[in-house]
$ cat start.tsv   # TSV, C-alpha atoms and all ligand atoms
chain	number	residue	atom	x	y	z
A	1	MET	CA	-1.60	1.18	19.88
A	2	ALA	CA	1.66	-0.22	18.65
A	3	LEU	CA	4.17	0.38	15.90
A	4	LEU	CA	4.39	-2.62	13.61
A	5	PRO	CA	7.48	-3.73	11.67
A	6	ILE	CA	7.17	-3.12	7.90
A	7	LEU	CA	8.33	-5.85	5.52
A	8	CYS	CA	11.04	-4.79	3.10
A	9	TYR	CA	11.29	-5.74	-0.58
A	10	PRO	CA	12.39	-8.35	-1.72
A	11	ASP	CA	10.84	-10.20	1.23
A	12	PRO	CA	8.79	-13.03	-0.37
A	13	LYS	CA	5.98	-12.43	2.14
A	14	LEU	CA	5.17	-9.22	0.21
A	15	HIS	CA	3.98	-11.46	-2.63
A	16	ARG	CA	1.31	-13.29	-0.66
A	17	VAL	CA	-2.27	-12.65	-1.81
A	18	ALA	CA	-4.49	-11.24	0.95
A	19	LYS	CA	-7.80	-12.87	1.92
A	20	PRO	CA	-10.98	-10.87	2.51
A	21	VAL	CA	-11.58	-9.63	6.07
A	22	ALA	CA	-14.31	-11.95	7.39
A	23	GLN	CA	-15.67	-9.58	10.01
A	24	VAL	CA	-14.94	-5.98	11.02
A	25	ASP	CA	-14.55	-6.61	14.74
A	26	ALA	CA	-12.41	-5.40	17.64
A	27	ARG	CA	-9.36	-7.26	16.28
A	28	ILE	CA	-9.63	-5.42	12.94
A	29	GLN	CA	-10.26	-2.07	14.66
A	30	SER	CA	-7.16	-2.53	16.79
A	31	LEU	CA	-5.17	-3.53	13.68
A	32	VAL	CA	-6.43	-0.38	11.91
A	33	ASP	CA	-5.21	1.78	14.85
A	34	ASP	CA	-1.79	0.13	14.78
A	35	MET	CA	-1.51	0.46	10.99
A	36	LEU	CA	-2.43	4.16	11.10
A	37	GLN	CA	0.14	4.81	13.82
A	38	THR	CA	2.76	2.84	11.86
A	39	MET	CA	1.98	4.74	8.64
A	40	TYR	CA	2.14	8.18	10.31
A	41	ASP	CA	5.34	7.27	12.16
A	42	ALA	CA	6.97	6.17	8.88
A	43	LYS	CA	5.70	9.35	7.15
A	44	GLY	CA	3.91	7.29	4.51
A	45	ILE	CA	0.65	8.16	2.72
A	46	GLY	CA	-0.59	4.57	2.60
A	47	LEU	CA	-0.05	1.17	4.16
A	48	ALA	CA	-1.51	-2.19	3.20
A	49	ALA	CA	-1.86	-5.01	5.75
A	50	THR	CA	0.39	-7.17	3.53
A	51	GLN	CA	3.28	-4.83	4.38
A	52	ILE	CA	2.98	-5.65	8.07
A	53	ASP	CA	2.70	-9.38	7.33
A	54	VAL	CA	-1.07	-9.59	7.84
A	55	HIS	CA	-2.59	-11.11	4.72
A	56	GLU	CA	-6.09	-9.70	4.84
A	57	ARG	CA	-7.66	-7.08	2.56
A	58	LEU	CA	-7.13	-3.99	4.67
A	59	ILE	CA	-5.59	-0.62	3.73
A	60	VAL	CA	-5.03	2.67	5.54
A	61	ILE	CA	-4.38	5.91	3.63
A	62	ASP	CA	-3.90	9.60	4.42
A	63	VAL	CA	-2.95	11.89	1.54
A	64	SER	CA	-3.81	15.11	3.40
A	65	GLU	CA	-1.13	17.76	4.06
A	66	GLU	CA	-2.20	18.00	7.70
A	67	ARG	CA	-2.08	14.20	8.21
A	68	ASP	CA	-5.49	14.31	9.85
A	69	GLN	CA	-7.76	12.61	7.30
A	70	PRO	CA	-7.28	8.86	7.74
A	71	LEU	CA	-9.09	6.67	5.25
A	72	VAL	CA	-9.67	3.00	6.05
A	73	LEU	CA	-10.51	0.60	3.23
A	74	ILE	CA	-11.54	-2.94	4.11
A	75	ASN	CA	-12.18	-5.48	1.32
A	76	PRO	CA	-11.80	-2.82	-1.41
A	77	THR	CA	-13.10	-3.68	-4.88
A	78	LEU	CA	-12.27	-1.76	-8.03
A	79	VAL	CA	-15.55	-1.12	-9.87
A	80	TRP	CA	-14.49	1.40	-12.50
A	81	THR	CA	-11.31	2.83	-13.99
A	82	SER	CA	-10.96	5.89	-16.23
A	83	PRO	CA	-10.03	5.28	-19.89
A	84	THR	CA	-6.99	7.51	-19.41
A	85	SER	CA	-3.85	6.95	-17.38
A	86	HIS	CA	-0.64	8.78	-16.57
A	87	LEU	CA	2.89	8.11	-15.38
A	88	ASN	CA	3.28	8.86	-11.69
A	89	GLU	CA	6.42	8.98	-9.55
A	90	GLU	CA	5.93	6.48	-6.71
A	91	GLY	CA	7.68	5.31	-3.60
A	92	CYS	CA	6.81	2.68	-1.01
A	93	LEU	CA	7.48	2.14	2.69
A	94	SER	CA	8.57	-1.40	1.78
A	95	VAL	CA	11.15	-0.10	-0.72
A	96	PRO	CA	12.71	2.81	1.18
A	97	GLY	CA	14.67	5.37	-0.81
A	98	ILE	CA	13.47	4.15	-4.24
A	99	TYR	CA	11.22	6.30	-6.43
A	100	ASP	CA	10.21	5.56	-10.01
A	101	GLY	CA	7.47	6.08	-12.55
A	102	VAL	CA	4.43	3.78	-12.73
A	103	GLU	CA	1.49	4.07	-15.13
A	104	ARG	CA	-1.80	4.45	-13.21
A	105	PHE	CA	-5.41	5.18	-14.14
A	106	ASP	CA	-6.26	8.88	-13.77
A	107	ALA	CA	-9.42	8.08	-11.80
A	108	VAL	CA	-10.97	5.06	-10.12
A	109	ARG	CA	-14.14	4.10	-8.35
A	110	ILE	CA	-14.05	1.54	-5.57
A	111	THR	CA	-16.36	0.08	-2.99
A	112	ALA	CA	-15.07	-0.90	0.45
A	113	LEU	CA	-16.04	-1.18	4.09
A	114	ASP	CA	-14.89	1.46	6.56
A	115	GLU	CA	-13.53	0.81	10.07
A	116	LYS	CA	-17.08	0.47	11.39
A	117	GLY	CA	-18.00	-2.11	8.76
A	118	GLN	CA	-20.14	0.36	6.79
A	119	SER	CA	-20.12	0.02	3.03
A	120	ARG	CA	-18.91	3.04	1.07
A	121	SER	CA	-18.26	3.97	-2.55
A	122	ILE	CA	-15.40	6.31	-3.46
A	123	GLU	CA	-14.72	7.89	-6.83
A	124	THR	CA	-11.51	9.86	-6.93
A	125	ASP	CA	-8.58	11.08	-9.02
A	126	GLY	CA	-5.21	12.67	-8.36
A	127	LEU	CA	-2.91	11.42	-5.60
A	128	LEU	CA	-5.64	9.51	-3.78
A	129	ALA	CA	-6.49	7.49	-6.91
A	130	VAL	CA	-2.81	6.64	-7.41
A	131	CYS	CA	-2.41	5.70	-3.76
A	132	ILE	CA	-5.49	3.44	-3.81
A	133	GLN	CA	-4.15	1.61	-6.89
A	134	HIS	CA	-0.70	1.22	-5.28
A	135	GLU	CA	-2.12	-0.14	-2.01
A	136	MET	CA	-4.61	-2.47	-3.72
A	137	ASP	CA	-1.66	-3.94	-5.64
A	138	HIS	CA	-0.03	-4.79	-2.30
A	139	LEU	CA	-3.09	-6.88	-1.37
A	140	LEU	CA	-2.54	-8.87	-4.57
A	141	GLY	CA	1.10	-9.43	-3.62
A	142	LYS	CA	2.41	-6.84	-6.06
A	143	VAL	CA	5.06	-4.22	-5.23
A	144	PHE	CA	5.40	-1.17	-7.52
A	145	VAL	CA	8.94	-2.05	-8.60
A	146	GLU	CA	7.46	-5.02	-10.46
A	147	TYR	CA	6.19	-2.56	-13.10
A	148	LEU	CA	9.77	-1.49	-13.82
A	149	SER	CA	12.16	-3.16	-16.27
A	150	PRO	CA	13.87	-6.37	-15.07
A	151	LEU	CA	17.19	-4.53	-15.16
A	152	LYS	CA	15.96	-1.75	-12.87
A	153	ARG	CA	14.19	-4.22	-10.61
A	154	ASN	CA	17.32	-6.34	-10.18
A	155	ARG	CA	19.33	-3.25	-9.38
A	156	ILE	CA	16.79	-2.29	-6.69
A	157	LYS	CA	16.78	-5.85	-5.31
A	158	THR	CA	20.57	-5.88	-5.03
A	159	LYS	CA	20.57	-2.48	-3.35
A	160	MET	CA	17.87	-3.50	-0.83
A	161	LEU	CA	19.66	-6.74	0.07
A	162	LYS	CA	22.89	-4.81	0.60
A	163	VAL	CA	21.14	-2.31	2.89
A	164	MET	CA	19.56	-5.17	4.88
A	165	ARG	CA	22.91	-6.93	5.28
A	166	GLU	CA	24.45	-3.69	6.54
A	167	ASP	CA	21.54	-3.13	8.95
A	168	ALA	CA	21.94	-6.68	10.29
A	169	ARG	CA	25.54	-6.07	11.33
B	1	NI	NI	3.75	0.48	-1.05
$ encode --input "start.tsv" --output "C-alpha cells"
Amino acid sequence: MALLPILCYPDPKLHRVAKPVAQVDARIQSLVDDMLQTMYDAKGIGLAATQIDVHERLIVIDVSEERDQPLVLINPTLVWTSPTSHLNEEGCLSVPGIYDGVERFDAVRITALDEKGQSRSIETDGLLAVCIQHEMDHLLGKVFVEYLSPLKRNRIKTKMLKVMREDAR
C-alpha cells in the first residue's frame, strides 16, 4: 500500500470528468487499498479517484466513528434523490482548512460495484448521503466550493494559491 498525493484546489486536474472503471481487477483493488490508506492518513471521510489524479469513477468512504467501515463505490449511479434537501457544512481534502455550507439532498439511492465487482444498491441519509453526493461531484470534476458565491470562491482560490506558494518555498 502507498500514500498518494492529493490534488489541491484550484488545480485544473480536479475539473476533469472521470471515465467508468472498465474492469474491477487487481489494478483497481490495489488502487482502492492505496486510496483507503490515503483517506485514513489524511483523516478524511471520503476520497474520490479524481483527487489523486486518477480519472476513473471510483470512490472510497468511511463515515464511521471507529474508522473501520470502509465503503468502496465503483461506477456509482444516482438512481433516486429525496424531494427535500438541507444545508450542510462541508470540507474537502482538496481544499484544506475551508468549510462552508452546501445544499444537499436529505437522502439518495445509488447503485455501484464494490471492490469485488459485485453490484450493490444503497439507500441512505444523514452524513453518508452528503458524503456520497460530495464525492460523486468530484467524479464530474466539481469541487464543493463551486456551489459558493463567486466572491467567496475567489477568496478561497487566492488563499489556496498563497498557501501553495508558501509551501513551495
Ligand atoms: Ni472533497
$ residues_around --input "start.tsv" --residues "Ala18 in chain A" --least-positions-apart "4" --cutoff "8 Å" --atoms "all atoms listed in the file" --output "JSON, numbers by chain"
{"A": [50, 54, 55, 56, 57, 139, 140, 141]}
$ closest_atom_pairs --input "start.tsv" --of "chain A" --to "ligand NI 1 (chain B)" --cutoff "8 Å" --atoms "all atoms listed in the file" --output "JSON lines"
{"residue": "A:Gly46", "atom": "CA", "partner": "B:NI1", "partner_atom": "NI", "distance": 7.0}
{"residue": "A:Leu47", "atom": "CA", "partner": "B:NI1", "partner_atom": "NI", "distance": 6.5}
{"residue": "A:Ala48", "atom": "CA", "partner": "B:NI1", "partner_atom": "NI", "distance": 7.3}
{"residue": "A:Gln51", "atom": "CA", "partner": "B:NI1", "partner_atom": "NI", "distance": 7.6}
{"residue": "A:Gly91", "atom": "CA", "partner": "B:NI1", "partner_atom": "NI", "distance": 6.7}
{"residue": "A:Cys92", "atom": "CA", "partner": "B:NI1", "partner_atom": "NI", "distance": 3.8}
{"residue": "A:Leu93", "atom": "CA", "partner": "B:NI1", "partner_atom": "NI", "distance": 5.5}
{"residue": "A:Ser94", "atom": "CA", "partner": "B:NI1", "partner_atom": "NI", "distance": 5.9}
{"residue": "A:Val95", "atom": "CA", "partner": "B:NI1", "partner_atom": "NI", "distance": 7.4}
{"residue": "A:His134", "atom": "CA", "partner": "B:NI1", "partner_atom": "NI", "distance": 6.2}
{"residue": "A:Glu135", "atom": "CA", "partner": "B:NI1", "partner_atom": "NI", "distance": 6.0}
{"residue": "A:His138", "atom": "CA", "partner": "B:NI1", "partner_atom": "NI", "distance": 6.6}
{"residue": "A:Val143", "atom": "CA", "partner": "B:NI1", "partner_atom": "NI", "distance": 6.4}
{"residue": "A:Phe144", "atom": "CA", "partner": "B:NI1", "partner_atom": "NI", "distance": 6.9}
$ residues_around --input "start.tsv" --residues "Lys159 in chain A" --least-positions-apart "2" --cutoff "12 Å" --atoms "all atoms listed in the file" --output "PDB file with C-alpha atoms, in the coordinates of the input"
ATOM      1  CA  CYS A   8      11.040  -4.790   3.100  1.00  0.00           C
ATOM      2  CA  TYR A   9      11.290  -5.740  -0.580  1.00  0.00           C
ATOM      3  CA  PRO A  10      12.390  -8.350  -1.720  1.00  0.00           C
ATOM      4  CA  VAL A  95      11.150  -0.100  -0.720  1.00  0.00           C
ATOM      5  CA  PRO A  96      12.710   2.810   1.180  1.00  0.00           C
ATOM      6  CA  GLY A  97      14.670   5.370  -0.810  1.00  0.00           C
ATOM      7  CA  ILE A  98      13.470   4.150  -4.240  1.00  0.00           C
ATOM      8  CA  LYS A 152      15.960  -1.750 -12.870  1.00  0.00           C
ATOM      9  CA  ARG A 153      14.190  -4.220 -10.610  1.00  0.00           C
ATOM     10  CA  ASN A 154      17.320  -6.340 -10.180  1.00  0.00           C
ATOM     11  CA  ARG A 155      19.330  -3.250  -9.380  1.00  0.00           C
ATOM     12  CA  ILE A 156      16.790  -2.290  -6.690  1.00  0.00           C
ATOM     13  CA  LYS A 157      16.780  -5.850  -5.310  1.00  0.00           C
ATOM     14  CA  LEU A 161      19.660  -6.740   0.070  1.00  0.00           C
ATOM     15  CA  LYS A 162      22.890  -4.810   0.600  1.00  0.00           C
ATOM     16  CA  VAL A 163      21.140  -2.310   2.890  1.00  0.00           C
ATOM     17  CA  MET A 164      19.560  -5.170   4.880  1.00  0.00           C
ATOM     18  CA  ARG A 165      22.910  -6.930   5.280  1.00  0.00           C
ATOM     19  CA  GLU A 166      24.450  -3.690   6.540  1.00  0.00           C
TER      20      GLU A 166
END
$ atom_distance --input "start.tsv" --atom1 "CA of Ile61 in chain A" --atom2 "CA of Ser149 in chain A"
27.4 Å
$ closest_residue --input "start.tsv" --among "A:Val108, A:Ala22, A:Ile52, A:Ile59" --to "Pro83 in chain A" --atoms "all atoms listed in the file"
A:Val108
$ residues_around --input "start.tsv" --residues "Ile122 in chain A" --least-positions-apart "2" --cutoff "9 Å" --atoms "all atoms listed in the file" --output "MDAnalysis selection string"
chainID A and resid 108:112 120 124
$ atom_distance --input "start.tsv" --atom1 "CA of Pro12 in chain A" --atom2 "CA of Tyr147 in chain A"
16.7 Å
$ atom_distance --input "start.tsv" --atom1 "CA of Leu127 in chain A" --atom2 "CA of Lys43 in chain A"
15.5 Å
$ residues_around --input "start.tsv" --residues "Leu36 in chain A" --least-positions-apart "2" --cutoff "12 Å" --atoms "all atoms listed in the file" --output "ChimeraX atom specification"
/A:1-4,29-34,38-49,52,58-62,67-73,115
$ closest_residue --input "start.tsv" --among "A:Ile28, A:Gln133, A:Ser82, A:Leu148" --to "Gly101 in chain A" --atoms "all atoms listed in the file"
A:Leu148
$ closest_residue --input "start.tsv" --among "A:Arg169, A:Ala129, A:Phe105, A:Val145" --to "Val63 in chain A" --atoms "only C-alpha atoms"
A:Ala129
$ closest_residue --input "start.tsv" --among "A:Thr158, A:Val21, A:Trp80, A:Asp100" --to "Asp125 in chain A" --atoms "only C-alpha atoms"
A:Trp80
$ residues_around --input "start.tsv" --residues "Asn88 in chain A" --least-positions-apart "2" --cutoff "7 Å" --atoms "all atoms listed in the file" --output "compact mmCIF listing (two decimals) with C-alpha atoms, in the frame of the given file"
# COMPACT_ATOMS: atom_id res chain seq x y z
CA HIS A 86 -0.64 8.78 -16.57
CA GLU A 90 5.93 6.48 -6.71
CA GLY A 101 7.47 6.08 -12.55
CA VAL A 102 4.43 3.78 -12.73
CA GLU A 103 1.49 4.07 -15.13
CA ARG A 104 -1.80 4.45 -13.21
